[in-house]
Every structure is written in structure tokens, then in C-alpha cells.
file protein37.cif (mmCIF, C-alpha atoms)
data_protein
#
loop_
_atom_site.label_atom_id
_atom_site.label_comp_id
_atom_site.auth_asym_id
_atom_site.auth_seq_id
_atom_site.Cartn_x
_atom_site.Cartn_y
_atom_site.Cartn_z
CA MET A 1 40.26 -193.02 95.95
CA SER A 2 39.09 -189.97 97.89
CA ASP A 3 42.38 -189.98 99.79
CA ALA A 4 44.45 -189.73 96.63
CA ARG A 5 47.24 -187.18 96.59
CA PRO A 6 46.50 -185.53 99.96
CA ALA A 7 49.89 -183.77 99.93
CA ARG A 8 49.09 -181.88 96.76
CA LYS A 9 45.66 -180.89 98.09
CA THR A 10 47.17 -179.62 101.31
CA ALA A 11 49.92 -177.70 99.56
CA LYS A 12 47.31 -175.99 97.39
CA ARG A 13 45.20 -174.97 100.34
CA THR A 14 47.99 -173.51 102.46
CA ASN A 15 48.18 -170.78 99.83
CA ASP A 16 44.85 -169.62 101.19
CA PRO A 17 45.40 -169.41 104.96
CA GLU A 18 42.13 -167.58 105.58
CA GLY A 19 40.21 -170.19 103.61
CA MET A 20 41.93 -172.90 105.62
CA ARG A 21 41.07 -171.14 108.89
CA ARG A 22 37.42 -170.95 107.82
CA ARG A 23 37.38 -174.61 106.83
CA ILE A 24 38.85 -175.67 110.19
CA LEU A 25 36.20 -173.59 111.98
CA ASP A 26 33.41 -175.09 109.86
CA VAL A 27 34.59 -178.64 110.49
CA ALA A 28 35.09 -177.98 114.23
CA ALA A 29 31.66 -176.32 114.62
CA GLU A 30 30.05 -179.27 112.84
CA SER A 31 31.87 -181.82 114.97
CA PHE A 32 31.17 -180.00 118.28
CA GLN A 33 27.50 -179.90 117.29
CA ALA A 34 27.31 -183.55 116.22
CA ARG A 35 29.57 -185.16 118.84
CA GLY A 36 30.50 -182.48 121.40
CA TYR A 37 33.72 -180.63 122.17
CA GLU A 38 35.24 -183.25 124.44
CA ALA A 39 34.50 -186.12 122.03
CA THR A 40 36.16 -184.28 119.14
CA SER A 41 39.88 -184.90 118.76
CA ILE A 42 42.30 -182.56 116.99
CA HIS A 43 43.30 -185.60 114.95
CA ASP A 44 39.69 -185.94 113.65
CA LEU A 45 39.61 -182.27 112.73
CA VAL A 46 42.91 -182.42 110.86
CA ARG A 47 41.54 -185.31 108.81
CA GLU A 48 38.09 -183.80 108.22
CA ALA A 49 39.45 -180.38 107.25
CA GLN A 50 41.99 -182.08 104.96
CA THR A 51 44.78 -180.14 106.59
CA THR A 52 47.90 -180.88 108.65
CA GLY A 53 48.51 -180.74 112.38
CA GLY A 54 50.96 -177.90 111.74
CA ALA A 55 48.46 -175.80 109.78
CA LEU A 56 45.76 -176.31 112.39
CA HIS A 57 48.19 -175.42 115.15
CA HIS A 58 49.23 -172.29 113.24
CA HIS A 59 45.65 -170.97 113.33
CA PHE A 60 44.61 -172.46 116.67
CA PRO A 61 47.54 -173.18 118.99
CA THR A 62 45.26 -174.94 121.50
CA LYS A 63 41.95 -176.80 121.38
CA LYS A 64 40.62 -174.13 123.72
CA SER A 65 41.48 -171.33 121.27
CA LEU A 66 39.59 -173.27 118.61
CA GLY A 67 36.62 -173.72 120.97
CA LEU A 68 36.52 -169.99 121.71
CA ALA A 69 36.75 -169.16 117.99
CA VAL A 70 33.86 -171.55 117.24
CA ILE A 71 31.72 -169.82 119.88
CA ARG A 72 32.54 -166.32 118.60
CA GLU A 73 32.68 -166.95 114.86
CA ARG A 74 30.20 -169.76 114.33
CA VAL A 75 27.78 -170.08 117.30
CA ALA A 76 27.19 -166.33 117.83
CA PRO A 77 26.48 -165.72 114.10
CA ALA A 78 24.09 -168.71 114.11
CA VAL A 79 22.11 -167.15 116.99
CA ASP A 80 22.23 -163.87 115.11
CA ALA A 81 20.80 -165.41 111.93
CA ALA A 82 18.16 -167.59 113.63
CA TRP A 83 17.01 -165.12 116.28
CA ILE A 84 18.44 -161.61 116.39
CA GLU A 85 17.93 -160.77 112.72
CA PRO A 86 14.29 -162.08 112.52
CA VAL A 87 13.35 -160.31 115.77
CA HIS A 88 15.03 -157.12 114.57
CA SER A 89 13.36 -157.03 111.19
CA ALA A 90 9.84 -158.19 112.12
CA ARG A 91 6.96 -155.75 112.40
CA THR A 92 6.55 -156.59 116.11
CA ALA A 93 8.59 -158.50 118.69
CA SER A 94 5.81 -161.07 118.86
CA GLN A 95 5.95 -161.74 115.12
CA GLY A 96 9.74 -162.00 115.19
CA ILE A 97 9.75 -164.43 118.13
CA LEU A 98 7.10 -166.66 116.59
CA ALA A 99 8.82 -166.57 113.18
CA ALA A 100 12.09 -167.74 114.77
CA PHE A 101 10.35 -170.65 116.55
CA LYS A 102 8.44 -171.57 113.39
CA ASP A 103 11.46 -171.55 111.07
CA ILE A 104 13.61 -173.55 113.47
CA ALA A 105 10.86 -176.15 114.07
CA ALA A 106 10.27 -176.41 110.31
CA GLY A 107 14.00 -176.98 109.79
CA LEU A 108 13.99 -179.80 112.36
CA ARG A 109 10.99 -181.45 110.70
CA GLU A 110 12.71 -181.21 107.34
CA ARG A 111 15.94 -182.76 108.60
CA GLY A 112 14.11 -185.37 110.68
CA ARG A 113 16.83 -185.14 113.33
CA VAL A 114 17.33 -182.85 116.32
CA ARG A 115 20.93 -181.98 117.15
CA GLY A 116 19.93 -179.16 119.47
CA CYS A 117 20.90 -175.53 119.81
CA PRO A 118 24.68 -175.11 119.31
CA LEU A 119 24.82 -172.45 122.04
CA ASN A 120 23.01 -174.58 124.61
CA ASN A 121 24.95 -177.71 123.66
CA LEU A 122 28.28 -175.98 124.28
CA THR A 123 26.98 -174.13 127.35
CA LEU A 124 26.02 -177.31 129.16
CA GLU A 125 29.25 -179.01 128.16
CA LEU A 126 31.75 -176.19 128.72
CA SER A 127 30.51 -173.52 131.16
CA LEU A 128 31.93 -175.30 134.16
CA ALA A 129 35.08 -176.50 132.43
CA ASP A 130 36.66 -173.11 131.88
CA PRO A 131 35.83 -169.48 132.82
CA ASP A 132 36.79 -168.19 129.34
CA PHE A 133 34.30 -170.56 127.73
CA GLN A 134 31.71 -169.54 130.29
CA GLN A 135 32.21 -165.85 129.60
CA SER A 136 32.04 -166.27 125.80
CA LEU A 137 28.87 -168.34 126.03
CA GLN A 138 27.29 -165.89 128.44
CA GLN A 139 27.99 -163.04 126.01
CA VAL A 140 26.05 -164.82 123.27
CA PHE A 141 23.05 -165.34 125.58
CA SER A 142 23.33 -161.73 126.64
CA ALA A 143 23.29 -160.34 123.07
CA TRP A 144 20.33 -162.61 122.28
CA ARG A 145 18.35 -161.47 125.33
CA ASN A 146 19.17 -157.79 124.71
CA ALA A 147 17.98 -158.02 121.11
CA ILE A 148 14.58 -159.43 122.14
CA ALA A 149 14.26 -157.05 125.10
CA GLU A 150 15.07 -154.01 122.92
CA ARG A 151 12.46 -155.03 120.38
CA LEU A 152 9.88 -155.49 123.16
CA LYS A 153 10.78 -152.06 124.55
CA GLN A 154 10.01 -150.47 121.17
CA ASP A 155 6.64 -152.25 121.12
CA LYS A 156 5.95 -151.15 124.66
CA ALA A 157 6.86 -147.53 123.85
CA THR A 158 4.47 -147.53 120.91
CA GLY A 159 1.68 -149.07 122.98
CA LEU A 160 1.74 -152.55 121.42
CA THR A 161 2.47 -154.64 124.51
CA GLN A 162 2.36 -154.58 128.29
CA LEU A 163 5.02 -157.26 128.76
CA ASP A 164 8.08 -156.65 130.93
CA PRO A 165 10.73 -156.56 128.14
CA ASP A 166 13.74 -157.93 130.05
CA ALA A 167 11.86 -160.61 131.96
CA PHE A 168 9.85 -161.78 128.98
CA ALA A 169 12.99 -161.91 126.81
CA THR A 170 14.51 -164.24 129.42
CA LEU A 171 11.37 -166.43 129.37
CA VAL A 172 11.46 -166.61 125.56
CA ILE A 173 15.10 -167.71 125.45
CA ALA A 174 14.68 -170.11 128.36
CA SER A 175 11.57 -171.74 126.92
CA TYR A 176 13.19 -172.01 123.49
CA SER A 177 16.41 -173.47 124.92
CA GLY A 178 14.60 -175.96 127.13
CA ALA A 179 12.13 -176.91 124.41
CA MET A 180 15.09 -177.66 122.16
CA ALA A 181 16.55 -179.92 124.88
CA MET A 182 13.20 -181.72 125.13
CA ALA A 183 13.06 -181.93 121.33
CA LYS A 184 16.53 -183.48 121.36
CA ALA A 185 15.43 -186.09 123.92
CA GLN A 186 12.30 -186.87 121.86
CA GLN A 187 13.98 -186.41 118.48
CA GLU A 188 11.00 -184.41 117.28
CA ALA A 189 10.06 -180.74 117.00
CA THR A 190 6.80 -180.87 119.01
CA PRO A 191 8.05 -179.24 122.26
CA LEU A 192 9.16 -176.15 120.27
CA GLU A 193 5.76 -175.89 118.61
CA VAL A 194 3.92 -176.33 121.92
CA CYS A 195 6.03 -173.63 123.61
CA ALA A 196 5.63 -171.24 120.67
CA LYS A 197 1.85 -171.62 120.92
CA GLN A 198 1.92 -170.98 124.68
CA LEU A 199 4.11 -167.88 124.21
CA ALA A 200 1.79 -166.69 121.43
CA SER A 201 -1.21 -166.78 123.81
CA ILE A 202 0.75 -164.95 126.49
CA MET A 203 1.88 -162.25 124.04
CA LYS A 204 -1.68 -161.92 122.68
CA ALA A 205 -3.11 -161.49 126.17
CA ALA A 206 -0.51 -158.78 126.92
CA ARG A 207 -1.55 -156.55 124.04
CA CYS A 208 -2.46 -153.05 125.17
CA MET B 209 49.70 -192.19 152.18
CA SER B 210 46.07 -192.22 151.14
CA ASP B 211 46.86 -195.07 148.78
CA ALA B 212 48.06 -197.35 151.59
CA ARG B 213 46.76 -200.88 151.55
CA PRO B 214 44.14 -200.49 148.83
CA ALA B 215 43.92 -204.29 148.47
CA ARG B 216 42.62 -204.69 152.00
CA LYS B 217 40.09 -201.90 151.53
CA THR B 218 38.84 -203.45 148.32
CA ALA B 219 38.62 -206.91 149.81
CA LYS B 220 36.48 -205.54 152.61
CA ARG B 221 34.09 -203.78 150.26
CA THR B 222 33.48 -206.66 147.89
CA ASN B 223 31.60 -208.29 150.78
CA ASP B 224 28.92 -205.69 150.18
CA PRO B 225 28.29 -205.87 146.43
CA GLU B 226 25.10 -203.78 146.62
CA GLY B 227 26.92 -201.09 148.61
CA MET B 228 29.69 -201.14 146.04
CA ARG B 229 27.19 -200.85 143.19
CA ARG B 230 25.59 -197.83 144.90
CA ARG B 231 28.96 -196.21 145.48
CA ILE B 232 29.95 -196.64 141.83
CA LEU B 233 26.62 -195.09 140.76
CA ASP B 234 27.10 -192.17 143.17
CA VAL B 235 30.62 -191.48 141.96
CA ALA B 236 29.60 -191.83 138.29
CA ALA B 237 26.56 -189.54 138.69
CA GLU B 238 28.76 -186.95 140.41
CA SER B 239 31.43 -187.13 137.73
CA PHE B 240 28.93 -187.00 134.81
CA GLN B 241 27.39 -183.93 136.44
CA ALA B 242 30.71 -182.19 137.13
CA ARG B 243 32.67 -183.14 134.00
CA GLY B 244 30.28 -184.92 131.60
CA TYR B 245 29.93 -188.53 130.48
CA GLU B 246 32.51 -188.40 127.71
CA ALA B 247 35.13 -186.67 129.88
CA THR B 248 34.75 -189.30 132.62
CA SER B 249 37.02 -192.33 132.28
CA ILE B 250 36.33 -195.72 133.83
CA HIS B 251 39.81 -195.42 135.31
CA ASP B 252 38.75 -192.24 137.19
CA LEU B 253 35.64 -193.97 138.49
CA VAL B 254 37.56 -197.01 139.72
CA ARG B 255 39.87 -194.68 141.66
CA GLU B 256 37.12 -192.42 143.01
CA ALA B 257 34.88 -195.32 144.08
CA GLN B 258 37.90 -197.01 145.68
CA THR B 259 37.14 -200.20 143.81
CA THR B 260 38.80 -202.35 141.14
CA GLY B 261 38.27 -202.54 137.40
CA GLY B 262 36.97 -206.08 137.88
CA ALA B 263 34.38 -205.08 140.47
CA LEU B 264 33.18 -202.18 138.37
CA HIS B 265 32.98 -204.45 135.33
CA HIS B 266 31.01 -207.00 137.35
CA HIS B 267 28.25 -204.45 138.04
CA PHE B 268 28.51 -202.49 134.79
CA PRO B 269 30.04 -204.47 131.93
CA THR B 270 30.14 -201.38 129.69
CA LYS B 271 30.35 -197.62 130.19
CA LYS B 272 26.99 -197.43 128.44
CA SER B 273 25.35 -199.76 130.97
CA LEU B 274 26.68 -197.49 133.71
CA GLY B 275 25.35 -194.41 131.88
CA LEU B 276 21.89 -195.98 131.58
CA ALA B 277 21.91 -196.95 135.25
CA VAL B 278 22.87 -193.40 136.26
CA ILE B 279 19.93 -192.03 134.23
CA ARG B 280 17.45 -194.52 135.71
CA GLU B 281 18.72 -194.74 139.27
CA ARG B 282 20.20 -191.30 139.95
CA VAL B 283 18.88 -188.73 137.44
CA ALA B 284 15.23 -189.89 137.41
CA PRO B 285 15.04 -189.96 141.25
CA ALA B 286 16.60 -186.46 141.35
CA VAL B 287 13.84 -185.14 139.05
CA ASP B 288 11.35 -186.97 141.22
CA ALA B 289 12.62 -185.35 144.42
CA ALA B 290 13.07 -181.83 142.99
CA TRP B 291 9.93 -181.67 140.86
CA ILE B 292 7.46 -184.55 140.87
CA GLU B 293 7.15 -184.88 144.64
CA PRO B 294 6.71 -181.10 145.34
CA VAL B 295 4.16 -180.75 142.52
CA HIS B 296 2.31 -183.83 143.73
CA SER B 297 2.09 -182.77 147.36
CA ALA B 298 1.39 -179.03 146.93
CA ARG B 299 -2.08 -177.60 147.43
CA THR B 300 -2.18 -176.46 143.78
CA ALA B 301 -0.05 -177.10 140.69
CA SER B 302 0.95 -173.44 140.73
CA GLN B 303 2.25 -173.66 144.30
CA GLY B 304 4.16 -176.86 143.54
CA ILE B 305 5.78 -175.42 140.40
CA LEU B 306 6.83 -172.22 142.14
CA ALA B 307 8.12 -174.14 145.18
CA ALA B 308 10.31 -176.29 142.93
CA PHE B 309 11.79 -173.24 141.17
CA LYS B 310 12.31 -171.47 144.50
CA ASP B 311 14.03 -174.37 146.25
CA ILE B 312 16.33 -175.07 143.31
CA ALA B 313 17.28 -171.39 142.91
CA ALA B 314 17.92 -171.14 146.67
CA GLY B 315 20.17 -174.21 146.48
CA LEU B 316 22.19 -172.62 143.65
CA ARG B 317 22.60 -169.38 145.61
CA GLU B 318 23.74 -171.36 148.64
CA ARG B 319 26.33 -173.35 146.68
CA GLY B 320 27.45 -170.30 144.66
CA ARG B 321 27.98 -172.53 141.65
CA VAL B 322 25.66 -173.71 138.86
CA ARG B 323 26.34 -177.19 137.51
CA GLY B 324 23.01 -177.37 135.73
CA CYS B 325 20.17 -179.89 135.60
CA PRO B 326 21.57 -183.45 135.47
CA LEU B 327 18.81 -184.51 133.05
CA ASN B 328 19.44 -181.66 130.64
CA ASN B 329 23.21 -182.02 130.89
CA LEU B 330 23.06 -185.67 129.88
CA THR B 331 20.31 -185.05 127.31
CA LEU B 332 22.37 -182.54 125.35
CA GLU B 333 25.46 -184.70 125.59
CA LEU B 334 23.99 -188.14 124.90
CA SER B 335 20.67 -188.03 123.02
CA LEU B 336 22.33 -188.14 119.63
CA ALA B 337 25.10 -190.52 120.64
CA ASP B 338 22.89 -193.55 121.26
CA PRO B 339 19.18 -194.40 120.88
CA ASP B 340 19.09 -196.22 124.24
CA PHE B 341 20.34 -193.11 126.01
CA GLN B 342 17.85 -191.02 124.07
CA GLN B 343 14.95 -193.26 125.07
CA SER B 344 15.91 -193.32 128.75
CA LEU B 345 16.29 -189.55 128.88
CA GLN B 346 13.00 -189.03 127.06
CA GLN B 347 11.24 -191.25 129.63
CA VAL B 348 12.43 -189.01 132.45
CA PHE B 349 11.16 -185.88 130.67
CA SER B 350 7.92 -187.69 129.96
CA ALA B 351 7.31 -188.69 133.61
CA TRP B 352 8.13 -185.11 134.67
CA ARG B 353 5.72 -183.58 132.15
CA ASN B 354 2.96 -186.06 133.01
CA ALA B 355 3.25 -185.31 136.72
CA ILE B 356 2.81 -181.55 136.16
CA ALA B 357 0.05 -182.06 133.58
CA GLU B 358 -1.86 -184.43 135.88
CA ARG B 359 -1.69 -181.93 138.73
CA LEU B 360 -2.92 -179.15 136.41
CA LYS B 361 -5.78 -181.39 135.26
CA GLN B 362 -6.91 -181.79 138.87
CA ASP B 363 -6.84 -178.02 139.33
CA LYS B 364 -8.73 -177.55 136.09
CA ALA B 365 -11.38 -180.10 137.10
CA THR B 366 -11.92 -178.31 140.40
CA GLY B 367 -12.15 -174.92 138.69
CA LEU B 368 -8.80 -173.54 139.85
CA THR B 369 -7.18 -172.86 136.46
CA GLN B 370 -7.95 -172.40 132.80
CA LEU B 371 -4.49 -173.45 131.59
CA ASP B 372 -4.04 -176.20 129.00
CA PRO B 373 -2.47 -178.86 131.27
CA ASP B 374 -0.28 -180.67 128.73
CA ALA B 375 0.91 -177.57 126.90
CA PHE B 376 1.58 -175.57 130.05
CA ALA B 377 3.47 -178.50 131.60
CA THR B 378 5.73 -178.48 128.54
CA LEU B 379 6.26 -174.72 128.91
CA VAL B 380 7.14 -175.12 132.60
CA ILE B 381 9.74 -177.81 131.95
CA ALA B 382 11.15 -176.01 128.91
CA SER B 383 11.46 -172.69 130.70
CA TYR B 384 13.01 -174.34 133.74
CA SER B 385 15.47 -176.34 131.62
CA GLY B 386 16.47 -173.36 129.50
CA ALA B 387 16.68 -171.04 132.50
CA MET B 388 19.06 -173.53 134.10
CA ALA B 389 21.22 -173.48 130.94
CA MET B 390 21.28 -169.67 131.09
CA ALA B 391 22.06 -169.86 134.82
CA LYS B 392 24.97 -172.18 134.01
CA ALA B 393 26.32 -169.73 131.41
CA GLN B 394 25.97 -166.83 133.88
CA GLN B 395 26.91 -168.88 136.96
CA GLU B 396 24.04 -167.32 138.87
CA ALA B 397 20.45 -168.23 139.70
CA THR B 398 18.77 -165.10 138.29
CA PRO B 399 17.31 -166.61 135.08
CA LEU B 400 15.45 -169.22 137.17
CA GLU B 401 13.99 -166.52 139.41
CA VAL B 402 12.98 -164.36 136.45
CA CYS B 403 11.25 -167.29 134.71
CA ALA B 404 9.49 -168.36 137.92
CA LYS B 405 8.09 -164.84 138.29
CA GLN B 406 6.90 -164.80 134.67
CA LEU B 407 5.24 -168.21 135.08
CA ALA B 408 3.65 -167.02 138.34
CA SER B 409 1.99 -164.08 136.52
CA ILE B 410 0.77 -166.38 133.74
CA MET B 411 -0.68 -168.89 136.24
CA LYS B 412 -2.29 -166.06 138.21
CA ALA B 413 -3.92 -164.63 135.09
CA ALA B 414 -5.27 -168.09 134.18
CA ARG B 415 -7.21 -168.52 137.42
CA CYS B 416 -10.87 -169.24 136.83
#

call {"tool": "encode", "arguments": {"input": "protein37.cif", "output": "C-alpha cells"}}
result
Amino acid sequence: MSDARPARKTAKRTNDPEGMRRRILDVAAESFQARGYEATSIHDLVREAQTTGGALHHHFPTKKSLGLAVIRERVAPAVDAAWIEPVHSARTASQGILAAFKDIAAGLRERGRVRGCPLNNLTLELSLADPDFQQSLQQVFSAWRNAIAERLKQDKATGLTQLDPDAFATLVIASYSGAMAMAKAQQEATPLEVCAKQLASIMKAARC
Amino acid sequence: MSDARPARKTAKRTNDPEGMRRRILDVAAESFQARGYEATSIHDLVREAQTTGGALHHHFPTKKSLGLAVIRERVAPAVDAAWIEPVHSARTASQGILAAFKDIAAGLRERGRVRGCPLNNLTLELSLADPDFQQSLQQVFSAWRNAIAERLKQDKATGLTQLDPDAFATLVIASYSGAMAMAKAQQEATPLEVCAKQLASIMKAARC
């Protein structure tokens, strides 16, 4: 029943090419996150986005162009929402970092399933496969690290912390990324909570 | 020319079934590390191990059974050699942890290429795909964390550190795992070196 009149559906949606492009990106981002890039076929995406091979090809001539668009238009904004925005808007870097850990761990507990960090998932799968993927993924890590480091520099300038901003930003992202990998292996949020608590002690001890 | 007389080669090697099993595991571990589990076909492995489909099937009836054997017989021993052994034999936990980081970073610099941690690569690819994979991968993380925590407990008992052994062991593994993901995205060892230096300061500050 749900497959009824697919032609009409498709015809309707091609009148909204931007909407179709967004839907393909949403479906691809979801599938890369759930199953991985390699395990996702264009055929699956055509079916899941309720589109046609031609329409998909019009927006994304190659699977690689779709992969790059997912990194830039779905993965980077996800890192922005989960990390860069909270760190930017918090009263201190420390509060922003701990809020990001807390919200993400709470989300995992709520869902009862750990699919991992979309950026790290694609990084481990694709960095070696293609230099364009590698560069795009690196740029997302770089923006993430710069955002935390900049916030720490403000705190340092106003006498709130003695931490080395660039180095500690790297430790925060590394410990978060690795804790998420451990959480994925355990299928529970505990490693994120343990690391957040360790980082909290370190940040507390580095107060001026 | 290199394909000349494969039948004779194969016939020779089936006289050493254990050697053949080891060679298949080596080739599979290498391919999972370089390209990923999903991107590796049994056909590739048969060719690369210079064996036959029948011989491979004899040792590993399914791709999954081969994946599990790679985790248990190649990935776990690699974690043992790179981490558990150095931490076990060092004078202090701190020295063992820093030696592991240093040796791994030096190896990456020497090779000029970052393929990532085999355990983390397979964890992000396979933990969601199958509960047996998830459990096997979790066991490797667990043995790794226990080894570091046990070593820290000894140091704590003899008054060498005030760190929380279990929590700090989690932070060490998380920061190493995430730093390796960042190193893979950047294709350079720097994130590992930065994290090692941060952990060194933390361990130094926690001396009794």
C-alpha cells in the first residue's frame, strides 16, 4: 500500500528540486550513519528518498559528490549544533564543553543505542579512500578545534584558565571522539560520562 | 605471468592448513585495515592469499566468522603488543602510557601514512552491524582498559599517583583513539603527540 502510485509522487516532487536535493541528503546522511558509506548503494537511496536514479544523478552525478555534500551540509552542521554553538554561547569554555558532553550522553541514553559520531564514523571509513574526503573531514575537525581553542583563549585572556588553548582543545575532541567509539563498542553512554568527569577535574584544577 | 600455474601453488599450500589459515587472516586483517570490512570481498581475499574459495570456506565458512577471527587473532594481539605489554612492563603506568603513544606516533611518522587504529576502525564500522562483532570489539577495549587501570592501581597502592585508575584508563584510551581518528583525518601524527603531552602534564600533576 505504501508503494502505491510512486510515479505521481515522484512527478510532484520534481517540481521542488531543492526539496528533493535536501531529502536525498537527509536519506544519505542517515544511511551513512546507520550502515556506512560503502554499505549504502545508490539504489537504496533512490528507494528511500522516493526519487528516481535520474533525479539523484541530476543533483549528485557521483556517489563521491554525494558523500562530500553529506560531509559539508549534514556532518559539519551537526558538529556545529552539538559542539561549536554550545561552546560559543556558554559563559565559559569549561561550561560549554561539559554541556556538549552532557547533552550528547543524555541523547544516547534516551535513544538506548549508540551509532557514534557522524564525523568520526566517516573519517575512519573514508580518510584513506580519497584525498577529497580526507580534506573535507579534516576541515570539520579543524573548525571544531578552532572553536574550542578560541573560547579557551578568551577565558585565558580574562584570567579564568591556565590551560593551553590549542592543546587542550585537541584533547577535548580526541577524548570525546574516542569515548564515542568506546560507547559504540559498549552500546552505552558511560565512557562519555567518565571522560567528561575527568576533563571537568582537569579544567577545575587549571583555574587561575 | 604471475598467474602461472596457480593450481600447483594451491596444491602445495593445502598441505599446510594452519599456514594457510594464518595467511588468510593476515591478508584479511591487512585488507580490513586498508579498505574496511565491507569494502573487502571474499574474492579479493582468495586472490591475495593465493588460495581457493574452497580452502577459504573450509577455514572460515562465512565472512562474519573471518571478521570475528581477525578481531580475536589479529586486532586483540595488536592492542596487546602496542599497549598492554608496554604498560605492563614499564616502571610506572605513566611511563608505559607515554611510551605507547610515542612509539605509535613514531611509527606513523616513519610510514608517512595514517591508517588508524585497527580496533577503532572495525568498531566504528561493525559495532552496529552485528551484536557478535560488537561483543568481540568491546572485549578488546575492556582488556585494554583493565590493563591500564590495573597498572595505575599498583602505582596508587605504592603512593606514586592520585589518579582514579578506572576513570583515567578510560580517558587514556579515549584520547588515544580519538587522537588517532584526528591523525587519520589530517594524515599526520600531531594529534597523538599533543594528547600525549597533555596526558603527561595531568599524570605529573597527580603525583603523590

call {"tool": "residues_around", "arguments": {"input": "protein37.cif", "residues": "segment 226-234 of chain B", "least_positions_apart": "2", "cutoff": "8 Å", "atoms": "all atoms listed in the file", "output": "list in words"}}
result
Arg221, Thr222, Asp224, Ala236, Ala237, Glu238, Leu253, Val254, Ala257, Thr259, Leu264, His267, Leu274, Ala277, Val278 and Arg282 of chain B

call {"tool": "closest_atom_pairs", "arguments": {"input": "protein37.cif", "of": "chain A", "to": "chain B", "cutoff": "7 Å", "atoms": "all atoms listed in the file", "output": "tab-separated table"}}
result
residue	atom	partner	partner_atom	distance
A:Gly36	CA	B:Glu333	CA	6.9
A:Glu38	CA	B:Ala247	CA	6.4
A:Ala39	CA	B:Glu246	CA	6.4
A:Arg115	CA	B:Leu336	CA	6.8
A:Asn120	CA	B:Ala389	CA	6.7
A:Asn121	CA	B:Leu332	CA	5.7
A:Thr123	CA	B:Ala393	CA	6.0
A:Leu124	CA	B:Asn329	CA	5.8
A:Glu125	CA	B:Gly244	CA	6.9
A:Ser127	CA	B:Ala393	CA	5.7
A:Leu128	CA	B:Arg323	CA	6.8
A:Gln134	CA	B:Ala393	CA	5.5
A:Leu137	CA	B:Ala393	CA	6.1
A:Gln138	CA	B:Ala393	CA	5.0
A:Ala167	CA	B:Val402	CA	6.0
A:Thr170	CA	B:Pro399	CA	6.7
A:Leu171	CA	B:Cys403	CA	5.4
A:Ala174	CA	B:Gly386	CA	3.9
A:Ser175	CA	B:Ser383	CA	3.9
A:Tyr176	CA	B:Gly386	CA	7.0
A:Ser177	CA	B:Gly386	CA	4.6
A:Gly178	CA	B:Ala382	CA	3.9
A:Ala179	CA	B:Ala382	CA	4.7
A:Ala181	CA	B:Leu332	CA	6.4
A:Lys184	CA	B:Ser335	CA	6.4
A:Ala185	CA	B:Gln346	CA	4.9
A:Gln186	CA	B:Gln346	CA	5.7
A:Pro191	CA	B:Thr378	CA	6.7
A:Val194	CA	B:Ala375	CA	5.9
A:Cys195	CA	B:Leu379	CA	5.4

call {"tool": "atom_distance", "arguments": {"input": "protein37.cif", "atom1": "atom CA of Ala365 of chain B", "atom2": "atom CA of Ala308 of chain B"}}
result
22.8 Å

call {"tool": "closest_residue", "arguments": {"input": "protein37.cif", "among": "B:Val235, B:Gln258, B:Lys310, B:Ala298", "to": "Gln362 of chain B", "atoms": "all atoms listed in the file"}}
result
B:Ala298

call {"tool": "atom_distance", "arguments": {"input": "protein37.cif", "atom1": "atom CA of Arg353 of chain B", "atom2": "atom CA of Ile292 of chain B"}}
result
8.9 Å

call {"tool": "atom_distance", "arguments": {"input": "protein37.cif", "atom1": "atom CA of Thr161 of chain A", "atom2": "atom CA of Met203 of chain A"}}
result
7.6 Å

call {"tool": "residues_around", "arguments": {"input": "protein37.cif", "residues": "Leu276 of chain B", "least_positions_apart": "3", "cutoff": "8 Å", "atoms": "only C-alpha atoms", "output": "tab-separated table (two decimals) with C-alpha atoms, keeping the file's coordinate frame"}}
result
chain	number	residue	atom	x	y	z
B	272	LYS	CA	26.99	-197.43	128.44
B	273	SER	CA	25.35	-199.76	130.97
B	279	ILE	CA	19.93	-192.03	134.23
B	280	ARG	CA	17.45	-194.52	135.71
B	340	ASP	CA	19.09	-196.22	124.24
B	341	PHE	CA	20.34	-193.11	126.01
B	344	SER	CA	15.91	-193.32	128.75

call {"tool": "residues_around", "arguments": {"input": "protein37.cif", "residues": "segment 85-89 of chain A", "least_positions_apart": "5", "cutoff": "12 Å", "atoms": "all atoms listed in the file", "output": "JSON, numbers by chain"}}
result
{"A": [76, 77, 78, 79, 80, 94, 95, 96, 97, 98, 99, 100, 101, 102, 103, 104, 143, 144, 145, 146, 147, 148, 149, 150, 151, 152, 153, 154, 155, 169, 172]}

call {"tool": "closest_residue", "arguments": {"input": "protein37.cif", "among": "A:Ala106, A:Leu160, A:Ala189, A:Ile42", "to": "Cys208 of chain A", "atoms": "all atoms listed in the file"}}
result
A:Leu160
